[in-house]
Every structure is written in C-alpha cells, then in structure tokens.
Amino acid sequence: MANTFGHLFRVTTWGESHGGGVGVVVDGCPPCLKLSEGDIQPDLDRRRPGQSKIVTPRKETDTVQILSGTFEGQTLGTPISLWVKNEDARAEAYSEMATKFRPSHADYTYFAKFGTRAWPGGGRTSARETVGRVAAGAIAKKILRERYGVEVLAYVSQVQKLRAAVDPEKVKAKQIEANIVRCPDAAMAPKMIRLIEKVRRASDSVGGIVEGVARGVPPGWGEPVFDRLEADLAKAMLSLPASKGFDIGSGFGGILLTGLAHNDPFRMQEGKVRTVTNRSGGIQGGISNGETIYFRVAFKPVATVMHEQDTVDVNFQDTTLKARGRHDPCVLPRAVPMVEAMTALVLVDHALRQKAQCG
C-alpha cells in the first residue's frame with residue numbers, strides 16, 4: 001500500500017491527526033549507528049505545532065519514543081519503530097466536518113475512494129502524518145552526515161510575492177533558524193512574518209516556496225531511467241501535504257535560455273570533475289554529478305480558512321461550511337523540516353542502492 005516510501009531504506013508512517021498517536025517504522029537502517037531520541041527530537045521540535053505566533057496554536061510536545069530497533073544506544077539493523085503521542089487532540093472542533101466536505105481538502109476524495117473517513121482534523125490527510133516522516137528523516141540525515149559527509153538543508157525562499165535572496169551554496173542552518181519564518185534573508189524575513197500575521201488576522205492563509213539543498217552528494221547516486229534522482233525527489237516533495245509544484249536547478253526558468261547558455265561546462269579542479277555553473281541543480285541524466293543539489297517546492301495557501309464557503313455534504317446536497325479548529329495561516333515555516341526529511345530519505349535510499357549495485 002502507499003503508506004511506505006523507499007526501496008532499501010523504507011519508511012512506513014501510521015496514525016491519524018486526532019487518534020492516539022502518530023509514528024513510523026524504519027526498515028533498512030544500517031546496523032551499529034549510534035541513535036537515541038536526542039538525535040530525532042530536534043527536528044520534531046522544528047516541525048511541531050504551537051512553536052510561534054505564525055503557526056497553528058495546537059499544543060503538542062511531539063516527544064518521540066524509540067520502541068524497537070536499537071540496543072545499548074545503537075541500531076540493530078532491524079525495524080526501528082518510533083511513536084509520538086497525540087496530547088492535544090480536540091475532535092469536537094470538527095463535528096460539522098463529519099457531514100460536510102471542506103473545500104480544497106481531501107475530505108471528499110477520501111470519501112469517494114474509501115467510503116469512509118476520519119473526519120477529526122482530516123485523519124491521515126492532516127499534516128500531522130508528517131511527524132513520522134520527519135522522525136525517519138532525522139535518522140537519514142544522521143547517516144548522510146556521518147557516513148557520507150552530506151549536508152541537507154531547507155529554507156523559506158518566498159511567501160506569496162515576497163522573495164528572498166539566498167545563495168544555496170553558502171546558506172547555513174544557523175541563518176535559517178534565526179527567525180520564526182525560517183528565511184535566511186535577514187532583511188526579507190520580517191516582511192514575510194508581517195504578511196503572514198496580516199493574513200491570519202483576516203482569517204485567511206498564504207502560500208509560497210521552500211527551497212531544498214543537499215551539499216556534498218558524491219557523483220553517481222541515482223538511476224538513469226524511471227528512478228532518476230530528481231524524479232524521486234519530485235515524488236517525495238509532491239507527497240507532502242499542500243505541495244503543488246516542484247522544479248530543480250534552473251527549473252522552469254531554464255526555458256528562457258538557449259542550450260549554449262544553459263549548459264554547465266566541465267573543468268578539472270583539484271583532480272575532480274566539476275562544472276563551471278550549476279544550472280542542472282547537481283543532477284544530470286538522473287544521476288548526481290557531485291555539485292550541490294538544489295530545488296524548489298511550491299506550497300499552496302492552507303485550505304482551511306475561517307470564512308463561510310460553498311460546499312456539499314455527505315448526502316450530496318449543496319450547503320455551506322465555516323471552518324473551525326486550529327490551523328496554520330502558512331505551512332512554510334513547519335514545511336522546512338519536512339522538505340529536509342524527504343530529501344534525506346531519498347538520498348540515503350539512493351546511497352544504499354549505489355553501494356548495493358556498484359560497491
């Protein structure tokens with residue numbers, strides 16, 4: 001079923017927004033990796049609700065517990081099960097949604113597919129499902145960092161029309177975490193925060209772009225046809241809640257150039273094949289070329305807005321619905337660790353696949 005992601009490094013997330021908890025099973029993690037809750041918790045803290053004035057006020061500590069797969073502080077090579085308890089579920093806030101489909105949510109499509117749905121908070125369609133992804137991604141990032149020297153980062157590069165100026169080759173985690181919107185452009189971040197606050201006061205929402213970066217990826221990771229590295233990254237990003245678009249390297253902007261202008265010339269530098277420019281975004285022919293991988297993910301405005309809107313009920317009658325509950329006015333600050341997690345899951349899977357096939 002489609003709750004599992006990856007080939008050799010496989011993750012299966014489970015749980016609903018207002019159930020007893022959420023979590024993930026990680027299968028394929030190499031043995032003898034030092035691992036504790038302390039390695040995972042920081043990324044969950046970056047993803048959790050209630051962390052600032054521009055995200056949902058739902059109060060969850062998102063405290064992770066490792067239930068299996070480790071012994072004496074090291075991984076065993078067996079499945080790692082991680083659990084996070086839901087502490088602030090309020091199903092009663094969604095009672096009207098039990099019979100009415102929220103516009104632009106997955107309420108209707110889930111009902112059309114399964115004939116039933118967990119209506120409190122959207123069940124599996126809620127961004128709460130990403131707790132498991134971020135927890136698994138923290139393990140993947142640790143493997144990439146310690147065994148391959150790969151650094152994975154993400155940051156908010158645009159909120160609606162406000163665009164940040166960020167160099168993906170030089171941006172640092174400290175700059176990203178310096179403000180609540182997670183934009184490393186110190187001049188643009190306050191403007192983004194003010195826009196999100198303005199939209200929230202109007203009981204509305206706003207979208208934007210998160211840029212992902214992976215530095216230190218060696219040449220050779222990826223597959224040449226169906227499992228191209230950028231194709232797997234695209235699938236990973238578009239599986240995230242509220243994501244609506246993906247491009248990598250020059251992306252859609254590349255169509256404005258000619259082939260001659262767009263090409264990345266090769267040169268030898270210190271005994272290594274390098275490119276003079278990086279419009280390819282670190283991937284050519286579906287395989288990493290050793291340059292920095294960078295891409296963008298577009299996230300739509302949050303579908304839940306506190307205004308009355310037209311909709312249909314479970315009896316397929318026209319009606320109206322004014323949403324309630326606790327929701328983000330903008331998903332971007334909390335989407336940053338989600339993008340990092342999915343990037344790391346793709347890369348560590350391809351790292352293991354490369355070792356298995358080519359040694």
# chains A, B, ... in the order shown; residues from 1 in each chain; ligands from 1
>>> residues_around(residues="Val210 (chain A)", least_positions_apart="4", cutoff="7 Å", atoms="only C-alpha atoms", output="list in words")
Ala154, Tyr155, Val156, Ser157, Arg296, Val297, Ala298, Leu332 and Val336 of chain A
>>> closest_atom_pairs(of="region 86-179 of chain A", to="region 339-345 of chain A", cutoff="7 Å", atoms="only C-alpha atoms", output="Markdown table")
| residue | atom | partner | partner_atom | distance |
| --- | --- | --- | --- | --- |
| A:Arg133 | CA | A:Ala341 | CA | 6.4 |
| A:Val134 | CA | A:Ala341 | CA | 5.1 |
| A:Gly137 | CA | A:Ala341 | CA | 4.0 |
| A:Ala138 | CA | A:Ala341 | CA | 6.6 |
| A:Ala140 | CA | A:Ala344 | CA | 5.5 |
| A:Lys141 | CA | A:Ala344 | CA | 5.5 |
| A:Val152 | CA | A:Glu340 | CA | 6.1 |
| A:Leu153 | CA | A:Glu340 | CA | 5.8 |
| A:Ala154 | CA | A:Glu340 | CA | 5.7 |
>>> closest_residue(among="A:Thr319, A:Glu87, A:Phe101, A:Ile143", to="Phe9 (chain A)", atoms="only C-alpha atoms")
A:Ile143
>>> select_by_dssp(residues="region 38-226 of chain A", states="helix (DSSP H, G or I)", output="PyMOL selection string")
chain A and resi 38-47+91-98+107-114+120-125+127-148+173-176+189-201
>>> atom_distance(atom1="CA of Ala118 (chain A)", atom2="CA of Met97 (chain A)")
10.0 Å
>>> closest_residue(among="A:Val331, A:Val273, A:Ala236, A:Ala323", to="Arg182 (chain A)", atoms="only C-alpha atoms")
A:Val331
>>> residues_around(residues="Gln65 (chain A)", least_positions_apart="4", cutoff="12 Å", atoms="only C-alpha atoms", output="MDAnalysis selection string")
chainID A and resid 21:25 35:41 44 69:70 80:85 132 135
>>> closest_residue(among="A:Thr258, A:Thr99, A:Ser17, A:Thr4", to="Phe316 (chain A)", atoms="only C-alpha atoms")
A:Thr99
>>> closest_residue(among="A:Gly6, A:Pro57, A:Pro337, A:Gly28", to="Val213 (chain A)", atoms="only C-alpha atoms")
A:Pro337
>>> atom_distance(atom1="CA of Leu233 (chain A)", atom2="CA of Leu347 (chain A)")
8.6 Å
>>> closest_residue(among="A:Ala214, A:Tyr108, A:Glu146, A:Thr130", to="Val11 (chain A)", atoms="only C-alpha atoms")
A:Thr130
>>> closest_residue(among="A:Ala164, A:Val131, A:Ala189, A:Leu229", to="Thr63 (chain A)", atoms="only C-alpha atoms")
A:Val131
>>> residues_around(residues="Gln158 (chain A)", least_positions_apart="4", cutoff="7 Å", atoms="only C-alpha atoms", output="list in words")
Leu162, Arg163, Ala164, Gly208 and Ile209 of chain A
>>> write_last_selection(atoms="N, CA and C atoms", output="PDB file, in the first residue's frame")
ATOM      1  N   LEU A 162       6.743  37.902  -1.884  1.00  0.00           N
ATOM      2  CA  LEU A 162       7.981  38.301  -1.200  1.00  0.00           C
ATOM      3  C   LEU A 162       9.057  37.259  -1.434  1.00  0.00           C
ATOM      4  N   ARG A 163      10.130  37.637  -2.140  1.00  0.00           N
ATOM      5  CA  ARG A 163      11.192  36.696  -2.495  1.00  0.00           C
ATOM      6  C   ARG A 163      12.481  37.029  -1.759  1.00  0.00           C
ATOM      7  N   ALA A 164      13.091  36.007  -1.206  1.00  0.00           N
ATOM      8  CA  ALA A 164      14.360  36.171  -0.502  1.00  0.00           C
ATOM      9  C   ALA A 164      15.527  36.012  -1.464  1.00  0.00           C
ATOM     10  N   GLY A 208       3.633  29.758  -0.611  1.00  0.00           N
ATOM     11  CA  GLY A 208       4.961  30.214  -1.017  1.00  0.00           C
ATOM     12  C   GLY A 208       5.845  29.059  -1.420  1.00  0.00           C
ATOM     13  N   ILE A 209       7.169  29.247  -1.287  1.00  0.00           N
ATOM     14  CA  ILE A 209       8.151  28.284  -1.775  1.00  0.00           C
ATOM     15  C   ILE A 209       9.172  27.961  -0.690  1.00  0.00           C
TER      16      ILE A 209
END
>>> residues_around(residues="Lys34 (chain A)", least_positions_apart="4", cutoff="8 Å", atoms="only C-alpha atoms", output="ChimeraX atom specification")
/A:73-75
>>> residues_around(residues="Arg194 (chain A)", least_positions_apart="6", cutoff="12 Å", atoms="only C-alpha atoms", output="list in words")
Lys53, Ile54, Val159, Leu162, Ile180, Val181, Met188, Arg200, Arg201, Val206, Pro329 and Cys330 of chain A
>>> residues_around(residues="region 288-292 of chain A", least_positions_apart="3", cutoff="12 Å", atoms="only C-alpha atoms", output="ChimeraX atom specification")
/A:150-153,167-171,212-224,228-230,248-249,264,266,272-285,295,347,350-351,354
>>> select_by_dssp(residues="region 97-206 of chain A", states="strand (DSSP E or B)", output="JSON, numbers by chain")
{"A": [100, 151, 152, 153, 154, 155, 156, 157, 158, 159, 162, 163]}
